[in-house]
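Colleague: Below is the structure I would like to discuss, written out as structure tokens.
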Amino acid sequence: MAGLIGRILGFGLLGLVVTPIVVTIMVLALAYTFDPTCGRPGDSGGCEMGAVSIGVMSALPGMALCIAVVLYRHFRRRVKSPVTPP
């Protein structure tokens, strides 16, 4: 049980940190690819602030997704464990 709690905390924190970074970089890449006004004078950082806002909003769903994966793997492993004959 302690191992499960440790994995939940570890992967939850990993999802909480890594997901916003990845999402922000992806949104910035897409914004600069498809919007020619991003990064030009007169934009006043609108694309960058939008990317950061989306990145910050993705932190909790990223953490929840990582915790769900850990729990799924844990319970899946318990169901598949071989039964020893008496």
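As shown in the structure tokens, the chain order sets the letters A, B, ...; within each chain, residues go from 1, and ligands are also counted from 1 in the order they appear.
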Would you kindly return, as a list in words, each protein, DNA or RNA residue with an atom no farther than 10 Å from any atom of Ile5 in chain A, considering only C-alpha atoms and excluding same-chain residues fewer than 4 positions away?
Modeller: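 With the cut-off at 10 Å, the set is Met1, Leu9, Gly10, Phe11, Val70 and Leu71 of chain A.
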Colleague: Would you output that residue set with all heavy atoms, as a PDB file, in the first residue's frame?
Modeller:
```pdb
ATOM      1  N   MET A   1       0.819  -1.195   0.000  1.00  0.00           N
ATOM      2  CA  MET A   1       0.000   0.000   0.000  1.00  0.00           C
ATOM      3  C   MET A   1       0.862   1.258   0.000  1.00  0.00           C
ATOM      4  O   MET A   1       0.517   2.234  -0.642  1.00  0.00           O
ATOM      5  CB  MET A   1      -0.924  -0.032   1.218  1.00  0.00           C
ATOM      6  CG  MET A   1      -1.916   1.090   1.210  1.00  0.00           C
ATOM      7  SD  MET A   1      -2.942   1.085  -0.247  1.00  0.00           S
ATOM      8  CE  MET A   1      -4.529   1.012   0.438  1.00  0.00           C
ATOM      9  N   LEU A   9       1.808   9.714  -5.504  1.00  0.00           N
ATOM     10  CA  LEU A   9       2.398  11.034  -5.240  1.00  0.00           C
ATOM     11  C   LEU A   9       3.442  11.403  -6.291  1.00  0.00           C
ATOM     12  O   LEU A   9       3.472  12.529  -6.791  1.00  0.00           O
ATOM     13  CB  LEU A   9       3.021  11.066  -3.845  1.00  0.00           C
ATOM     14  CG  LEU A   9       2.046  11.083  -2.676  1.00  0.00           C
ATOM     15  CD1 LEU A   9       2.797  10.966  -1.359  1.00  0.00           C
ATOM     16  CD2 LEU A   9       1.202  12.333  -2.702  1.00  0.00           C
ATOM     17  N   GLY A  10       4.297  10.455  -6.628  1.00  0.00           N
ATOM     18  CA  GLY A  10       5.354  10.727  -7.594  1.00  0.00           C
ATOM     19  C   GLY A  10       4.817  11.057  -8.976  1.00  0.00           C
ATOM     20  O   GLY A  10       5.172  12.075  -9.580  1.00  0.00           O
ATOM     21  N   PHE A  11       3.944  10.204  -9.492  1.00  0.00           N
ATOM     22  CA  PHE A  11       3.405  10.447 -10.821  1.00  0.00           C
ATOM     23  C   PHE A  11       2.430  11.618 -10.834  1.00  0.00           C
ATOM     24  O   PHE A  11       2.299  12.317 -11.831  1.00  0.00           O
ATOM     25  CB  PHE A  11       2.740   9.190 -11.376  1.00  0.00           C
ATOM     26  CG  PHE A  11       3.722   8.214 -11.943  1.00  0.00           C
ATOM     27  CD1 PHE A  11       4.194   7.173 -11.186  1.00  0.00           C
ATOM     28  CD2 PHE A  11       4.188   8.359 -13.238  1.00  0.00           C
ATOM     29  CE1 PHE A  11       5.103   6.274 -11.692  1.00  0.00           C
ATOM     30  CE2 PHE A  11       5.093   7.477 -13.765  1.00  0.00           C
ATOM     31  CZ  PHE A  11       5.559   6.423 -12.990  1.00  0.00           C
ATOM     32  N   VAL A  70      -1.765   5.389 -12.935  1.00  0.00           N
ATOM     33  CA  VAL A  70      -1.144   4.600 -11.862  1.00  0.00           C
ATOM     34  C   VAL A  70      -2.170   3.658 -11.234  1.00  0.00           C
ATOM     35  O   VAL A  70      -1.884   2.470 -11.017  1.00  0.00           O
ATOM     36  CB  VAL A  70      -0.525   5.521 -10.788  1.00  0.00           C
ATOM     37  CG1 VAL A  70      -0.144   4.743  -9.551  1.00  0.00           C
ATOM     38  CG2 VAL A  70       0.677   6.241 -11.350  1.00  0.00           C
ATOM     39  N   LEU A  71      -3.355   4.147 -10.952  1.00  0.00           N
ATOM     40  CA  LEU A  71      -4.383   3.299 -10.348  1.00  0.00           C
ATOM     41  C   LEU A  71      -4.826   2.193 -11.301  1.00  0.00           C
ATOM     42  O   LEU A  71      -5.030   1.044 -10.892  1.00  0.00           O
ATOM     43  CB  LEU A  71      -5.582   4.144  -9.913  1.00  0.00           C
ATOM     44  CG  LEU A  71      -5.340   5.034  -8.698  1.00  0.00           C
ATOM     45  CD1 LEU A  71      -6.545   5.923  -8.450  1.00  0.00           C
ATOM     46  CD2 LEU A  71      -5.030   4.193  -7.481  1.00  0.00           C
TER      47      LEU A  71
END
```
Colleague: Output as JSON lines one row per residue of range 50-80 of chain A within 12 Å of range 32-46 of chain A: the closest atom pair and its distance in Å to one decimal place, counting only C-alpha atoms, sorted by chain and residue number ascending.
Modeller:
```
{"residue": "A:Gly50", "atom": "CA", "partner": "A:Gly46", "partner_atom": "CA", "distance": 6.1}
{"residue": "A:Ala51", "atom": "CA", "partner": "A:Gly46", "partner_atom": "CA", "distance": 8.6}
{"residue": "A:Val52", "atom": "CA", "partner": "A:Gly46", "partner_atom": "CA", "distance": 10.0}
{"residue": "A:Ser53", "atom": "CA", "partner": "A:Gly46", "partner_atom": "CA", "distance": 10.5}
```
Colleague: Env of Val17 in chain A: 9 Å cut, atoms = only C-alpha atoms, seq-sep filter 6 positions within chain, self excluded. Answer as a ChimeraX atom specification.
Modeller: /A:59,62-63
